[in-house]
Each structure stands twice: as structure tokens, then as C-alpha cells.
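Asks: Got a file for you: query_9.cif, mmCIF, C-alpha atoms.
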data_model
#
loop_
_atom_site.label_atom_id
_atom_site.label_comp_id
_atom_site.auth_asym_id
_atom_site.auth_seq_id
_atom_site.Cartn_x
_atom_site.Cartn_y
_atom_site.Cartn_z
CA MET P 1 -11.14 -84.33 41.00
CA LEU P 2 -9.98 -84.15 37.37
CA ILE P 3 -7.17 -86.67 37.93
CA GLU P 4 -9.62 -89.15 39.45
CA LEU P 5 -12.06 -88.49 36.61
CA ILE P 6 -9.39 -89.14 33.97
CA ARG P 7 -8.37 -92.37 35.69
CA SER P 8 -11.95 -93.64 35.92
CA ASN P 9 -13.42 -96.27 33.59
CA MET P 10 -16.09 -93.93 32.20
CA ASP P 11 -16.35 -93.48 28.47
CA ILE P 12 -14.84 -90.33 27.01
CA GLN P 13 -18.19 -88.59 26.41
CA LEU P 14 -19.26 -89.02 30.03
CA LYS P 15 -15.86 -87.83 31.25
CA LEU P 16 -16.16 -84.70 29.12
CA PHE P 17 -19.72 -84.10 30.35
CA ILE P 18 -18.71 -84.33 34.02
CA ALA P 19 -15.54 -82.28 33.45
CA LEU P 20 -17.60 -79.43 31.97
CA ILE P 21 -20.03 -79.57 34.89
CA MET P 22 -17.11 -79.51 37.36
CA LEU P 23 -15.58 -76.53 35.61
CA PHE P 24 -18.88 -74.63 35.71
CA ALA P 25 -19.57 -75.53 39.35
CA LEU P 26 -16.09 -74.54 40.55
CA THR P 27 -16.04 -71.34 38.51
CA LEU P 28 -19.42 -70.21 39.85
CA SER P 29 -18.51 -71.19 43.42
CA PHE P 30 -15.31 -69.18 43.66
CA SER P 31 -16.77 -66.27 41.65
CA ILE P 32 -19.62 -65.96 44.17
CA HIS P 33 -17.10 -66.26 47.01
CA GLU P 34 -14.87 -63.42 45.85
CA PHE P 35 -17.77 -61.27 44.65
CA MET P 36 -19.32 -61.42 48.13
CA HIS P 37 -16.05 -60.21 49.69
CA ALA P 38 -16.00 -57.28 47.24
CA PHE P 39 -19.71 -56.50 47.61
CA THR P 40 -19.57 -56.50 51.41
CA ALA P 41 -16.50 -54.26 51.58
CA ASP P 42 -18.13 -51.88 49.09
CA TRP P 43 -21.42 -51.90 51.05
CA LEU P 44 -19.52 -51.15 54.26
CA GLY P 45 -17.98 -48.06 52.68
CA ASP P 46 -14.73 -49.02 50.94
CA PRO P 47 -14.78 -48.42 47.14
CA THR P 48 -11.42 -50.18 46.61
CA PRO P 49 -12.84 -53.50 45.29
CA ARG P 50 -15.13 -51.59 42.91
CA SER P 51 -12.24 -49.49 41.59
CA MET P 52 -10.22 -52.68 40.99
CA GLY P 53 -13.01 -54.28 38.96
CA ARG P 54 -13.85 -56.92 41.56
CA LEU P 55 -17.51 -56.02 42.03
CA THR P 56 -18.54 -58.49 39.33
CA LEU P 57 -19.47 -62.16 38.89
CA ASN P 58 -17.14 -62.41 35.88
CA PRO P 59 -14.83 -65.32 36.85
CA LEU P 60 -11.91 -63.80 34.91
CA ALA P 61 -11.79 -60.99 37.46
CA HIS P 62 -11.44 -63.46 40.34
CA MET P 63 -9.16 -66.18 38.98
CA ASP P 64 -5.91 -66.95 40.76
CA PRO P 65 -3.77 -69.21 38.53
CA MET P 66 -2.47 -71.51 41.29
CA GLY P 67 -5.71 -71.56 43.26
CA THR P 68 -7.79 -72.33 40.16
CA VAL P 69 -5.52 -75.21 39.12
CA LEU P 70 -5.68 -76.70 42.62
CA LEU P 71 -9.47 -76.35 42.62
CA LEU P 72 -9.69 -78.37 39.41
CA VAL P 73 -7.11 -80.97 40.43
CA ALA P 74 -7.84 -81.48 44.12
CA GLY P 75 -11.16 -79.78 44.82
CA PHE P 76 -9.65 -77.28 47.27
CA GLY P 77 -8.29 -73.91 46.28
CA TRP P 78 -8.98 -70.21 46.15
CA GLY P 79 -9.63 -67.24 43.91
CA LYS P 80 -7.68 -64.00 43.68
CA PRO P 81 -7.93 -62.32 47.11
CA VAL P 82 -10.09 -59.20 47.22
CA VAL P 83 -8.09 -56.18 48.34
CA TYR P 84 -9.87 -53.68 50.58
CA ASN P 85 -8.92 -50.88 52.97
CA PRO P 86 -10.21 -51.56 56.51
CA ARG P 87 -9.79 -47.87 57.40
CA LYS P 88 -12.44 -46.90 54.85
CA LEU P 89 -15.13 -49.14 56.31
CA ASN P 90 -17.57 -46.70 57.91
CA ARG P 91 -21.14 -48.08 57.92
CA PHE P 92 -20.95 -49.27 61.54
CA LYS P 93 -18.98 -48.23 64.63
CA SER P 94 -17.08 -51.49 65.13
CA TYR P 95 -14.13 -51.75 62.73
CA ARG P 96 -13.37 -55.23 64.02
CA GLY P 97 -16.97 -56.29 63.41
CA MET P 98 -16.94 -54.90 59.88
CA ASN P 99 -13.68 -56.69 59.09
CA ILE P 100 -15.19 -59.95 60.29
CA MET P 101 -18.22 -59.30 58.07
CA VAL P 102 -15.96 -58.88 55.03
CA HIS P 103 -14.01 -62.05 55.83
CA LEU P 104 -17.17 -64.13 56.38
CA ALA P 105 -18.95 -62.78 53.31
CA GLY P 106 -17.33 -65.27 50.92
CA VAL P 107 -18.23 -68.41 52.87
CA THR P 108 -21.72 -67.02 53.49
CA GLY P 109 -22.16 -66.60 49.74
CA ASN P 110 -21.03 -70.20 49.21
CA PHE P 111 -23.53 -71.50 51.76
CA VAL P 112 -26.40 -69.55 50.17
CA LEU P 113 -25.38 -70.78 46.70
CA ALA P 114 -25.31 -74.40 47.92
CA LEU P 115 -28.73 -73.96 49.52
CA ILE P 116 -30.29 -72.41 46.40
CA CYS P 117 -28.84 -75.11 44.12
CA SER P 118 -30.07 -77.86 46.45
CA ILE P 119 -33.59 -76.39 46.56
CA ILE P 120 -33.70 -76.09 42.76
CA ASN P 121 -32.57 -79.72 42.54
CA VAL P 122 -35.44 -80.77 44.80
CA PHE P 123 -37.95 -79.12 42.46
CA LEU P 124 -36.34 -80.73 39.41
CA VAL P 125 -36.25 -84.23 40.89
CA THR P 126 -39.71 -84.03 42.46
CA LEU P 127 -41.70 -82.33 39.72
CA LEU P 128 -39.95 -83.37 36.49
CA ASP P 129 -38.79 -86.57 34.84
CA VAL P 130 -35.09 -87.00 35.63
CA ASN P 131 -34.82 -89.59 32.86
CA GLN P 132 -35.09 -86.76 30.35
CA PRO P 133 -31.54 -85.83 29.24
CA ALA P 134 -32.01 -82.09 29.77
CA VAL P 135 -33.47 -82.53 33.27
CA TYR P 136 -30.75 -85.01 34.21
CA ALA P 137 -28.04 -82.60 33.02
CA LEU P 138 -29.53 -79.73 35.04
CA CYS P 139 -29.73 -81.93 38.14
CA GLN P 140 -26.06 -82.77 37.78
CA VAL P 141 -25.12 -79.11 37.35
CA PHE P 142 -26.97 -78.00 40.48
CA SER P 143 -25.82 -81.03 42.48
CA TYR P 144 -22.12 -80.54 41.67
CA THR P 145 -22.39 -76.79 42.30
CA ALA P 146 -23.92 -77.37 45.74
CA VAL P 147 -21.24 -79.89 46.67
CA PHE P 148 -18.30 -77.79 45.43
CA SER P 149 -19.67 -74.61 46.99
CA LEU P 150 -19.89 -76.32 50.39
CA MET P 151 -16.37 -77.71 49.97
CA LEU P 152 -15.01 -74.26 49.12
CA MET P 153 -16.84 -72.79 52.10
CA ALA P 154 -15.45 -75.40 54.50
CA PHE P 155 -11.91 -75.07 53.14
CA ASN P 156 -11.94 -71.30 53.59
CA LEU P 157 -13.17 -71.67 57.17
CA LEU P 158 -9.96 -73.47 58.13
CA PRO P 159 -8.07 -71.30 60.68
CA ILE P 160 -4.90 -71.26 58.55
CA PRO P 161 -3.41 -68.16 56.85
CA PRO P 162 -4.35 -66.78 54.39
CA LEU P 163 -7.84 -68.34 54.56
CA ASP P 164 -10.96 -66.52 55.76
CA GLY P 165 -11.27 -68.60 58.91
CA PHE P 166 -7.86 -67.41 60.07
CA HIS P 167 -8.63 -63.77 59.28
CA VAL P 168 -11.73 -63.99 61.49
CA LEU P 169 -9.61 -65.55 64.23
CA GLU P 170 -7.03 -62.83 63.69
CA GLU P 171 -9.61 -60.11 64.33
CA LEU P 172 -10.33 -61.70 67.71
CA MET P 173 -6.66 -61.88 68.75
CA PRO P 174 -5.24 -59.58 71.41
CA LEU P 175 -3.51 -56.64 69.71
CA LYS P 176 -0.24 -57.44 71.51
CA LEU P 177 -0.11 -60.86 69.86
CA LYS P 178 -1.38 -59.61 66.51
CA TYR P 179 1.48 -57.14 66.12
CA SER P 180 4.23 -59.23 67.69
CA GLU P 181 7.38 -60.10 65.74
CA GLY P 182 6.80 -63.83 66.15
CA TYR P 183 3.34 -63.55 64.66
CA LYS P 184 4.69 -61.62 61.68
CA LYS P 185 7.20 -64.41 61.02
CA PHE P 186 4.43 -66.98 61.25
CA GLN P 187 2.41 -65.05 58.66
CA ARG P 188 5.32 -65.14 56.20
CA PHE P 189 5.70 -68.93 56.39
CA ALA P 190 2.05 -69.91 56.84
CA PRO P 191 1.11 -69.90 53.11
CA LEU P 192 4.02 -72.25 52.39
CA ILE P 193 2.91 -74.57 55.18
CA LEU P 194 -0.63 -74.53 53.80
CA MET P 195 0.64 -75.33 50.31
CA ILE P 196 2.70 -78.30 51.58
CA VAL P 197 -0.26 -79.68 53.53
CA PHE P 198 -2.46 -79.09 50.49
CA VAL P 199 -0.17 -80.99 48.10
CA LEU P 200 0.33 -83.88 50.54
CA SER P 201 -3.41 -84.11 51.08
CA ALA P 202 -4.11 -84.11 47.34
CA SER P 203 -1.59 -86.93 46.90
CA GLY P 204 -3.19 -88.95 49.70
CA GLN P 205 -0.26 -88.62 52.12
CA ILE P 206 -2.26 -86.59 54.69
CA PRO P 207 -5.93 -87.53 54.27
CA ILE P 208 -6.77 -85.76 57.53
CA LEU P 209 -7.29 -82.45 55.68
CA GLY P 210 -10.25 -83.89 53.80
CA SER P 211 -11.65 -85.28 57.06
CA VAL P 212 -11.37 -81.90 58.77
CA ILE P 213 -13.17 -80.24 55.87
CA ASP P 214 -15.92 -82.88 56.10
CA VAL P 215 -16.35 -82.09 59.80
CA ILE P 216 -16.55 -78.33 59.13
CA GLN P 217 -19.13 -78.64 56.40
CA PHE P 218 -21.26 -81.24 58.24
CA PRO P 219 -23.52 -78.81 60.19
CA PHE P 220 -24.05 -76.66 57.10
CA ALA P 221 -24.87 -79.71 54.98
CA TRP P 222 -27.25 -80.88 57.73
CA VAL P 223 -29.16 -77.58 57.60
CA ILE P 224 -29.45 -77.78 53.81
CA ASN P 225 -30.55 -81.44 53.91
CA THR P 226 -33.14 -80.69 56.59
CA ILE P 227 -34.64 -77.87 54.53
CA CYS P 228 -34.63 -79.96 51.35
CA ASN P 229 -36.16 -83.02 53.04
CA GLY P 230 -38.96 -80.84 54.38
CA LEU P 231 -39.49 -79.40 50.92
CA VAL P 232 -39.64 -82.90 49.41
CA ARG P 233 -42.34 -83.91 51.89
CA LEU P 234 -44.26 -80.72 51.13
CA LEU P 235 -44.11 -81.21 47.36
CA SER P 236 -44.94 -84.91 47.64
CA GLY P 237 -48.15 -84.02 49.45
CA ILE P 238 -49.35 -81.69 46.70
#
Hey, can you dump this file as C-alpha cells for me?
Replies:
Amino acid sequence: MLIELIRSNMDIQLKLFIALIMLFALTLSFSIHEFMHAFTADWLGDPTPRSMGRLTLNPLAHMDPMGTVLLLVAGFGWGKPVVYNPRKLNRFKSYRGMNIMVHLAGVTGNFVLALICSIINVFLVTLLDVNQPAVYALCQVFSYTAVFSLMLMAFNLLPIPPLDGFHVLEELMPLKLKYSEGYKKFQRFAPLILMIVFVLSASGQIPILGSVIDVIQFPFAWVINTICNGLVRLLSGI
């Protein structure tokens, strides 16, 4: 991410241009992610996120200092977790189902954002002259946003606490295991384990994390590419 960009042989103006695009793409990606958590919980009946000022796309409301720094440095990170009260969810009968909806809302928002940005990019590249500076800049903005949004989605789908993928898995656990003493101990140490793996991966010591994220995002990227390729063929025939 930024470290690799700084170490590259690009001239300073190009580095600054790409850094600004990265900052915008990452900020929008995690703002959409956290907003969708808040919106879904609010829609399902819990006003807690709204009362805490989280029902907004303002990135300042969703920034987590450590998660934001890691996003910029390594490309993987998180925003400030959205707090909600599961007992206040009342739109449907299944509390477990509604909790899963809240936990999957963020990654769903990231997928939709990546799809929209990719489709816009298709229109820009197909219908306009990408050699024009303004068009080229817009293409880069939408391209980076799509890529980072998919990366954030895939990272959050990892079944590791406190990520969304684990919370979905947690909802499917037997209650006996979910409330066991051993599981509670695991929850306390899991964030530290995730941080260690995260740092080692960012330093290149455990590259497997990046490979796992690539595997997770592959089917989603395939869907987006299939839609965009079909759109390109459609526009080319006009």
C-alpha cells in the first residue's frame, strides 16, 4: 500500500496522485461498510446506531485509528465497529437471522459498491477518451475503489474474531459452545492473534493471508467481471 507506493520509482506528483486516490477509495469503502451495518440494524428495529450518530456516510463517524492506519499501510483493516442491541431487532421473527443480516450488511455494501464502480468504469472506458486527463483520473478513482472495496469485503469475511465472517459463524454455533468458558477465553485472545497475523502478513512473513483473501474475493470478482464484460460487448455493439 502506501509503503510500497513510497518505495516505488514513480515521480513525486504521480505518487501524490495515487495516494489521494487510495485515501478516497479506502475512506469510501469502509464508510459504506459501517454505514450498512448501522442502516440494517436501524431498519430491523434497533435505533442504537442512529442515536450514536452512525447512520451517516461521514467517514469521521466510522474511523477507527488503528484500523484506518492498517488500511492505508497494508490494505487490510477495519472501521469503528457499529454497536447495536440484538434484543431490539423486531422486524422479523428470527433473531438469529436478523443478527446475520446485520453482520453481512457491511460486506454486501462493499460488493455493491465494487459492482457500481466497475460498471461506471466500463462506461467511461468504452464511451469516452481515456487519454483525457479528467477521464483517466475518474477511471483510476473508480478502479481503485472497486479493488479496495472487494479487498475489505473479503477481509471481513474471514472467520476470525472480531470480523463479520466470524460473527456469522458465531450465530450458527450451538448455544452450548457459544456460551462455554473456553469460547469466552478464545474471544478475549482472538483480536490479539488477528493483529499478530495481520502484522506478519503486512511484513511478508505470512503471505498466506493475502492468498486466502484472494480466494475469498475470487467468486465475487468473477461475478463483477462477467457483468462488466457483458456490458462491454453490449456497448461495443451500439
Asks: For this structure, which residues satisfy the selection - the PyMOL selection byres ((chain P and resi 161) around 7) - when it is evaluated on the file as given? I want them as a list in words.
Replies: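 Matching residues under the PyMOL selection byres ((chain P and resi 161) around 7) are Pro159, Ile160, Pro162, Leu163, Phe166, Gln187, Ala190 and Pro191 of chain P.
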Asks: For the point (-16.9, -62.1, 48.0) in the file's frame, write as a ChimeraX atom specification all residues with an atom no more than 12 Å away, counting all atoms listed in the file.
Replies: /P:28-43,49-50,54-57,59,61-62,78-84,101-110,153,156,164
Asks: Between P:Ile21, P:Leu60, P:Ile116, P:Met151, which is the closest to Ile216 in chain P once you count all atoms listed in the file?
Replies: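 Closest to Ile216 in chain P, using all atoms listed in the file: P:Met151.
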Asks: From the options P:Ala154, P:Leu124, P:Ala134, P:Met52, which residue's atoms come nearest to Phe218 in chain P, counting all atoms listed in the file?
Replies: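 Checking each of P:Ala154, P:Leu124, P:Ala134, P:Met52 against Phe218 in chain P, counting all atoms listed in the file, the winner is P:Ala154.
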Asks: Rounded to one decimal, what separation in Å do you get between CA of Asn58 in chain P and CA of Val122 in chain P?
Replies: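 Calculated distance between CA of Asn58 in chain P and CA of Val122 in chain P is 27.4 Å.
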Asks: Could you check how far CA of Pro65 in chain P sits from CA of Thr27 in chain P, in Å to one decimal?
Replies: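 Spanning CA of Pro65 in chain P to CA of Thr27 in chain P is a straight-line distance of 12.5 Å.
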Asks: Can you pull out the residues contacting range 172-178 of chain P? Cut-off 12 Å, using all atoms listed in the file, and skip same-chain residues under 4 positions away; I want them as a list of chain:residue names.
Replies: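 Counting only the stated atoms, we get P:Tyr95, P:Arg96, P:Gly97, P:Asn99, P:Ile100, P:Gly165, P:Phe166, P:His167, P:Val168, P:Gly182, P:Tyr183, P:Lys184, P:Lys185, P:Phe186, P:Gln187.
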Asks: Write a file of the selected residues as a PDB file, in the frame of the given file, keeping C-alpha atoms.
Replies:
ATOM      1  CA  TYR P  95     -14.130 -51.750  62.730  1.00  0.00           C
ATOM      2  CA  ARG P  96     -13.370 -55.230  64.020  1.00  0.00           C
ATOM      3  CA  GLY P  97     -16.970 -56.290  63.410  1.00  0.00           C
ATOM      4  CA  ASN P  99     -13.680 -56.690  59.090  1.00  0.00           C
ATOM      5  CA  ILE P 100     -15.190 -59.950  60.290  1.00  0.00           C
ATOM      6  CA  GLY P 165     -11.270 -68.600  58.910  1.00  0.00           C
ATOM      7  CA  PHE P 166      -7.860 -67.410  60.070  1.00  0.00           C
ATOM      8  CA  HIS P 167      -8.630 -63.770  59.280  1.00  0.00           C
ATOM      9  CA  VAL P 168     -11.730 -63.990  61.490  1.00  0.00           C
ATOM     10  CA  GLY P 182       6.800 -63.830  66.150  1.00  0.00           C
ATOM     11  CA  TYR P 183       3.340 -63.550  64.660  1.00  0.00           C
ATOM     12  CA  LYS P 184       4.690 -61.620  61.680  1.00  0.00           C
ATOM     13  CA  LYS P 185       7.200 -64.410  61.020  1.00  0.00           C
ATOM     14  CA  PHE P 186       4.430 -66.980  61.250  1.00  0.00           C
ATOM     15  CA  GLN P 187       2.410 -65.050  58.660  1.00  0.00           C
TER      16      GLN P 187
END
Asks: One decimal, Å: what's the distance from CA of Gly230 in chain P over to CA of Asn121 in chain P, could you say?
Replies: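 Separating CA of Gly230 in chain P from CA of Asn121 in chain P is a distance of 13.5 Å.
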Asks: Give me the residues within 8 Å of range 145-150 of chain P as a PyMOL selection string, counting all atoms listed in the file and dropping any in the same chain fewer than 6 places off.
Replies: chain P and resi 22+24-26+28-30+75+110-111+113-115+117-118+217+220-221
Asks: Between P:Ile119, P:Ile18, P:Asn9, P:Ser94, which has the minimum distance to Val223 in chain P (counting all atoms listed in the file)?
Replies: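 Of all the options, P:Ile119 lies closest to Val223 in chain P.
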Asks: Closest to Lys93 in chain P among P:Cys139, P:Leu44, P:Leu209, P:Ile193, using only C-alpha atoms?
Replies: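 Under the stated criterion, the closest residue is P:Leu44.
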